[in-house]
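my_file.cif follows; it contains mmCIF, C-alpha atoms.
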data_protein
#
loop_
_atom_site.label_atom_id
_atom_site.label_comp_id
_atom_site.auth_asym_id
_atom_site.auth_seq_id
_atom_site.Cartn_x
_atom_site.Cartn_y
_atom_site.Cartn_z
CA MET A 1443 125.17 -4.51 7.84
CA ARG A 1444 123.95 -2.36 4.96
CA LYS A 1445 126.85 0.04 5.54
CA ILE A 1446 129.40 -2.81 5.33
CA LEU A 1447 127.80 -4.09 2.11
CA THR A 1448 128.02 -0.60 0.59
CA ILE A 1449 131.72 -0.33 1.53
CA VAL A 1450 132.47 -3.76 0.03
CA VAL A 1451 130.68 -2.87 -3.23
CA CYS A 1452 132.54 0.46 -3.46
CA MET A 1453 135.89 -1.27 -2.87
CA PHE A 1454 135.06 -3.85 -5.55
CA LEU A 1455 134.17 -1.13 -8.05
CA LEU A 1456 137.29 0.88 -7.27
CA CYS A 1457 139.52 -2.18 -7.69
CA GLY A 1458 137.84 -3.05 -10.97
CA CYS A 1459 138.38 0.46 -12.36
CA SER A 1460 142.08 0.54 -11.58
CA SER A 1461 143.11 -2.71 -13.23
CA SER A 1462 146.66 -2.79 -14.47
CA PRO A 1463 147.35 -2.32 -18.19
CA LEU A 1464 150.25 -4.79 -17.86
CA LYS A 1465 150.06 -8.31 -19.31
CA LYS A 1466 151.61 -9.50 -16.03
CA GLN A 1467 153.68 -8.15 -13.13
CA THR A 1468 156.82 -10.22 -13.77
CA PHE A 1469 158.25 -11.16 -17.15
CA THR A 1470 160.81 -13.98 -17.36
CA ILE A 1471 163.50 -13.81 -20.04
CA GLU A 1472 166.32 -16.26 -20.78
CA LEU A 1473 169.88 -15.03 -20.14
CA GLY A 1474 171.34 -13.58 -23.33
CA ASN A 1475 167.98 -12.76 -24.92
CA ASP A 1476 167.24 -9.13 -25.67
CA VAL A 1477 165.24 -7.09 -23.15
CA PHE A 1478 163.55 -4.52 -25.35
CA ALA A 1479 162.37 -1.06 -24.30
CA ASN A 1480 159.15 -1.34 -26.31
CA PRO A 1481 156.04 -0.88 -24.12
CA ILE A 1482 153.86 -2.95 -26.46
CA LEU A 1483 155.69 -6.06 -25.21
CA TYR A 1484 154.54 -5.52 -21.63
CA VAL A 1485 151.01 -4.05 -21.84
CA LYS A 1486 147.75 -5.75 -22.76
CA ASP A 1487 146.75 -5.84 -26.43
CA ASN A 1488 143.90 -3.34 -26.03
CA VAL A 1489 146.10 -0.62 -24.48
CA ASP A 1490 147.14 2.35 -26.61
CA VAL A 1491 150.93 2.68 -26.23
CA GLU A 1492 151.26 6.04 -27.95
CA GLY A 1493 153.43 8.28 -25.81
CA MET A 1494 154.45 5.43 -23.50
CA SER A 1495 158.02 4.41 -22.76
CA VAL A 1496 159.83 1.83 -20.66
CA LYS A 1497 162.46 2.80 -18.12
CA THR A 1498 164.70 0.90 -15.76
CA LEU A 1499 164.60 1.59 -12.04
CA ASN A 1500 167.98 -0.09 -11.46
CA VAL A 1501 171.49 1.28 -11.21
CA GLY A 1502 173.79 -0.49 -13.67
CA ILE A 1503 171.12 -1.14 -16.31
CA ARG A 1504 171.07 1.20 -19.28
CA LYS A 1505 169.18 1.54 -22.56
CA GLU A 1506 171.11 1.12 -25.83
CA ASP A 1507 169.44 0.92 -29.23
CA ASN A 1508 165.98 0.34 -27.71
CA GLN A 1509 167.12 -2.51 -25.48
CA PHE A 1510 168.40 -2.76 -21.93
CA VAL A 1511 171.91 -4.00 -21.13
CA SER A 1512 174.14 -4.23 -18.06
CA GLY A 1513 177.82 -3.54 -17.50
CA SER A 1514 179.91 -4.07 -20.61
CA ASN A 1515 177.56 -6.82 -21.82
CA ASP A 1516 174.98 -6.64 -24.59
CA TYR A 1517 172.50 -8.45 -22.31
CA ILE A 1518 171.29 -8.26 -18.69
CA LEU A 1519 172.81 -10.60 -16.10
CA VAL A 1520 170.78 -13.17 -14.14
CA GLY A 1521 168.59 -11.53 -11.50
CA THR A 1522 165.30 -9.75 -10.93
CA TYR A 1523 165.09 -6.12 -12.00
CA ASP A 1524 162.60 -3.29 -11.54
CA PHE A 1525 161.21 -1.44 -14.57
CA ALA A 1526 158.31 0.89 -15.21
CA ILE A 1527 156.03 1.80 -18.06
CA VAL A 1528 155.85 5.59 -18.22
CA THR A 1529 152.53 6.82 -19.60
CA LYS A 1530 152.16 9.98 -21.68
CA THR A 1531 150.88 11.72 -18.51
CA GLY A 1532 154.08 10.74 -16.66
CA ARG A 1533 152.46 8.06 -14.47
CA GLU A 1534 154.83 5.15 -13.76
CA ILE A 1535 153.48 1.60 -13.73
CA PRO A 1536 156.08 -0.68 -12.11
CA PHE A 1537 156.84 -4.25 -13.18
CA LYS A 1538 159.70 -6.72 -12.90
CA ILE A 1539 161.86 -8.58 -15.37
CA LYS A 1540 163.48 -11.77 -14.15
CA ILE A 1541 166.51 -12.98 -16.10
CA LYS A 1542 167.10 -16.73 -15.73
CA ASP A 1543 169.69 -19.14 -17.10
CA THR A 1544 167.95 -22.42 -17.87
CA LYS A 1545 169.97 -23.58 -20.89
CA PRO A 1546 173.02 -25.86 -20.73
CA PRO A 1547 176.37 -24.84 -22.19
CA THR A 1548 176.67 -25.05 -25.97
CA LEU A 1549 179.25 -27.54 -27.23
CA ARG A 1550 180.73 -26.27 -30.48
CA SER A 1551 183.17 -29.17 -30.65
CA TYR A 1552 184.61 -31.97 -28.58
CA LYS A 1553 186.93 -34.93 -29.09
CA LYS A 1554 185.52 -38.40 -28.52
CA GLU A 1555 189.00 -39.63 -27.63
CA ILE A 1556 192.02 -37.81 -26.25
CA THR A 1557 195.56 -38.81 -25.36
CA VAL A 1558 197.45 -37.26 -22.44
CA LYS A 1559 200.89 -37.82 -20.96
CA LYS A 1560 201.24 -39.82 -17.77
CA GLY A 1561 200.91 -37.60 -14.70
CA SER A 1562 199.49 -34.63 -16.60
CA ILE A 1563 196.59 -32.47 -15.52
CA ILE A 1564 193.92 -32.38 -18.22
CA ASN A 1565 193.01 -28.90 -19.42
CA TRP A 1566 189.58 -29.59 -20.90
CA ASP A 1567 189.56 -26.25 -22.73
CA ASP A 1568 192.21 -27.79 -25.04
CA TYR A 1569 189.76 -30.53 -26.09
CA ILE A 1570 186.28 -29.05 -25.69
CA GLY A 1571 184.83 -26.01 -27.46
CA ALA A 1572 182.08 -24.91 -25.08
CA ASP A 1573 180.28 -21.61 -24.50
CA ASP A 1574 177.95 -20.32 -21.81
CA LEU A 1575 177.28 -16.77 -20.66
CA SER A 1576 177.41 -18.01 -17.04
CA GLY A 1577 180.85 -19.61 -17.36
CA ILE A 1578 181.86 -23.26 -17.66
CA SER A 1579 183.20 -25.96 -15.37
CA TYR A 1580 184.14 -29.56 -16.11
CA GLU A 1581 183.60 -32.73 -14.10
CA MET A 1582 185.06 -36.13 -15.00
CA ILE A 1583 182.89 -39.09 -13.99
CA PRO A 1584 184.58 -41.16 -12.73
CA ASN A 1585 187.62 -39.09 -11.90
CA ILE A 1586 190.70 -40.86 -13.28
CA ASP A 1587 194.28 -41.00 -12.05
CA THR A 1588 196.53 -39.84 -14.89
CA THR A 1589 199.58 -41.31 -13.14
CA ILE A 1590 198.38 -44.76 -14.23
CA VAL A 1591 198.81 -45.66 -17.91
CA GLY A 1592 195.65 -46.98 -19.54
CA SER A 1593 192.52 -46.23 -21.51
CA TYR A 1594 189.57 -44.85 -19.54
CA PRO A 1595 186.04 -44.18 -20.78
CA ILE A 1596 184.61 -41.28 -18.79
CA ASP A 1597 181.56 -39.05 -18.87
CA LEU A 1598 182.57 -35.41 -19.04
CA LYS A 1599 179.94 -33.13 -17.54
CA VAL A 1600 180.13 -29.54 -18.79
CA SER A 1601 178.15 -27.25 -16.46
CA ASP A 1602 177.40 -23.58 -15.95
CA ARG A 1603 177.19 -21.94 -12.54
CA PHE A 1604 173.41 -22.35 -12.43
CA GLY A 1605 173.57 -26.16 -12.68
CA ASN A 1606 172.65 -26.49 -16.35
CA SER A 1607 174.82 -29.16 -17.93
CA VAL A 1608 175.51 -31.41 -20.88
CA THR A 1609 177.40 -34.71 -20.64
CA LYS A 1610 179.52 -36.42 -23.31
CA THR A 1611 181.34 -39.77 -23.19
CA ILE A 1612 185.05 -39.46 -23.94
CA VAL A 1613 187.87 -41.99 -23.91
CA VAL A 1614 190.98 -40.73 -22.12
CA ASN A 1615 194.19 -42.53 -23.08
CA VAL A 1616 197.03 -42.03 -20.62
CA GLU A 1617 200.49 -42.91 -21.99
#
In structure tokens, write the structure found in this file.
Amino acid sequence: MRKILTIVVCMFLLCGCSSSPLKKQTFTIELGNDVFANPILYVKDNVDVEGMSVKTLNVGIRKEDNQFVSGSNDYILVGTYDFAIVTKTGREIPFKIKIKDTKPPTLRSYKKEITVKKGSIINWDDYIGADDLSGISYEMIPNIDTTIVGSYPIDLKVSDRFGNSVTKTIVVNVE
């Protein structure tokens, strides 16, 4: 029994001595926000960052101007990525950065009322100025039949591919 207690105490002491200098193991950042290569952002306040650096462990992510980017973008796409703090002795301390898209599309402009020709297919990009890094889709609620002349109030739902959306009421006049 005494031997087991000694082993448990030793394990507890060893675990306590090797605590991580990281603030947390996974950092969540909104799509489009900068992912900086500054170690001070990821380590605890009492850790000396002199000689430390941050590196990516992923193919397709690169460092430009002290921030990480992917592909031809100036941001990192949605996903979970592996990074490491490299200490001045060369030790690598792994952590993750999760990029999420939780914001709805931005509407720069939209028309409260539009007029379309009978039988036409509505191209919403002609009437709505919307942006989202994840792309945009439109849904008319209710869906109207443009082969029937009339005035139809609809809710136009502008969504990105992650389900974030904004809805505006628009009157569609079919003539």
message: Can you translate the PyMOL selection byres ((chain A and resi 1527) around 7) into the concrete residues it hits in this file, as a ChimeraX atom specification?
response: /A:1481,1494-1497,1526,1528-1529,1534-1536
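Closest approach to Asp1602 in chain A among A:Ile1541, A:Met1582, A:Leu1575, A:Val1520 is made by A:Leu1575 (distances from only C-alpha atoms).
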Using only C-alpha atoms, what table do you get, as JSON lines, when you list each residue of range 1498-1592 of chain A with an atom no more than 9 Å from range 1612-1617 of chain A, its nearest pair of atoms, and their distance in Å rounded to one decimal, rows by chain then rising number?
{"residue": "A:Tyr1552", "atom": "CA", "partner": "A:Ile1612", "partner_atom": "CA", "distance": 8.8}
{"residue": "A:Lys1553", "atom": "CA", "partner": "A:Ile1612", "partner_atom": "CA", "distance": 7.1}
{"residue": "A:Lys1554", "atom": "CA", "partner": "A:Ile1612", "partner_atom": "CA", "distance": 4.7}
{"residue": "A:Glu1555", "atom": "CA", "partner": "A:Val1613", "partner_atom": "CA", "distance": 4.5}
{"residue": "A:Ile1556", "atom": "CA", "partner": "A:Val1614", "partner_atom": "CA", "distance": 5.2}
{"residue": "A:Thr1557", "atom": "CA", "partner": "A:Asn1615", "partner_atom": "CA", "distance": 4.6}
{"residue": "A:Val1558", "atom": "CA", "partner": "A:Val1616", "partner_atom": "CA", "distance": 5.1}
{"residue": "A:Lys1559", "atom": "CA", "partner": "A:Glu1617", "partner_atom": "CA", "distance": 5.2}
{"residue": "A:Lys1560", "atom": "CA", "partner": "A:Glu1617", "partner_atom": "CA", "distance": 5.3}
{"residue": "A:Gly1561", "atom": "CA", "partner": "A:Val1616", "partner_atom": "CA", "distance": 8.4}
{"residue": "A:Ser1562", "atom": "CA", "partner": "A:Val1616", "partner_atom": "CA", "distance": 8.8}
{"residue": "A:Ile1586", "atom": "CA", "partner": "A:Val1614", "partner_atom": "CA", "distance": 8.8}
{"residue": "A:Thr1588", "atom": "CA", "partner": "A:Val1616", "partner_atom": "CA", "distance": 6.2}
{"residue": "A:Thr1589", "atom": "CA", "partner": "A:Val1616", "partner_atom": "CA", "distance": 7.9}
{"residue": "A:Ile1590", "atom": "CA", "partner": "A:Val1616", "partner_atom": "CA", "distance": 7.1}
{"residue": "A:Val1591", "atom": "CA", "partner": "A:Val1616", "partner_atom": "CA", "distance": 4.9}
{"residue": "A:Gly1592", "atom": "CA", "partner": "A:Val1616", "partner_atom": "CA", "distance": 5.3}
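Distances from A:Ile1570, A:Ile1518, A:Leu1598, A:Val1489 to Lys1542 in chain A were compared using all atoms listed in the file, and the smallest one belongs to A:Ile1518.
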task: State, in Å with one decimal place, the distance from CA of Val1485 in chain A to CA of Gln1467 in chain A.
output: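 CA of Gln1467 in chain A lies 10.0 Å from CA of Val1485 in chain A.
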- request: Quick one: pull the distance between CA of Gly1513 in chain A and CA of Leu1473 in chain A, Å, one decimal.
  value: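 Taking CA of Gly1513 in chain A and CA of Leu1473 in chain A, their separation equals 14.2 Å.
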- prompt: Could you state the separation of CA of Tyr1484 in chain A and CA of Ser1514 in chain A in Å, given to one decimal place?
  reply: 25.4 Å
task: Have a look at A:Thr1548, A:Asn1585, A:Ser1593, A:Asn1480 and name the one nearest to Lys1505 in chain A; count only C-alpha atoms.
output: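 When distances to Lys1505 in chain A are compared using only C-alpha atoms, the smallest one comes from A:Asn1480.
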field: Evaluate the PyMOL selection byres ((chain A and resi 1512) around 12) and report residues as a VMD selection string
entry: chain A and resid 1473 to 1474 1476 to 1477 1498 1500 to 1506 1509 to 1511 1513 to 1521 1523 1541
Hits from the PyMOL selection byres ((chain A and resi 1579) around 6), listed as a ChimeraX atom specification: /A:1578,1580,1600-1601
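Closest approach to Ser1607 in chain A among A:Thr1544, A:Thr1522, A:Thr1531, A:Ser1551 is made by A:Thr1544 (distances from only C-alpha atoms).
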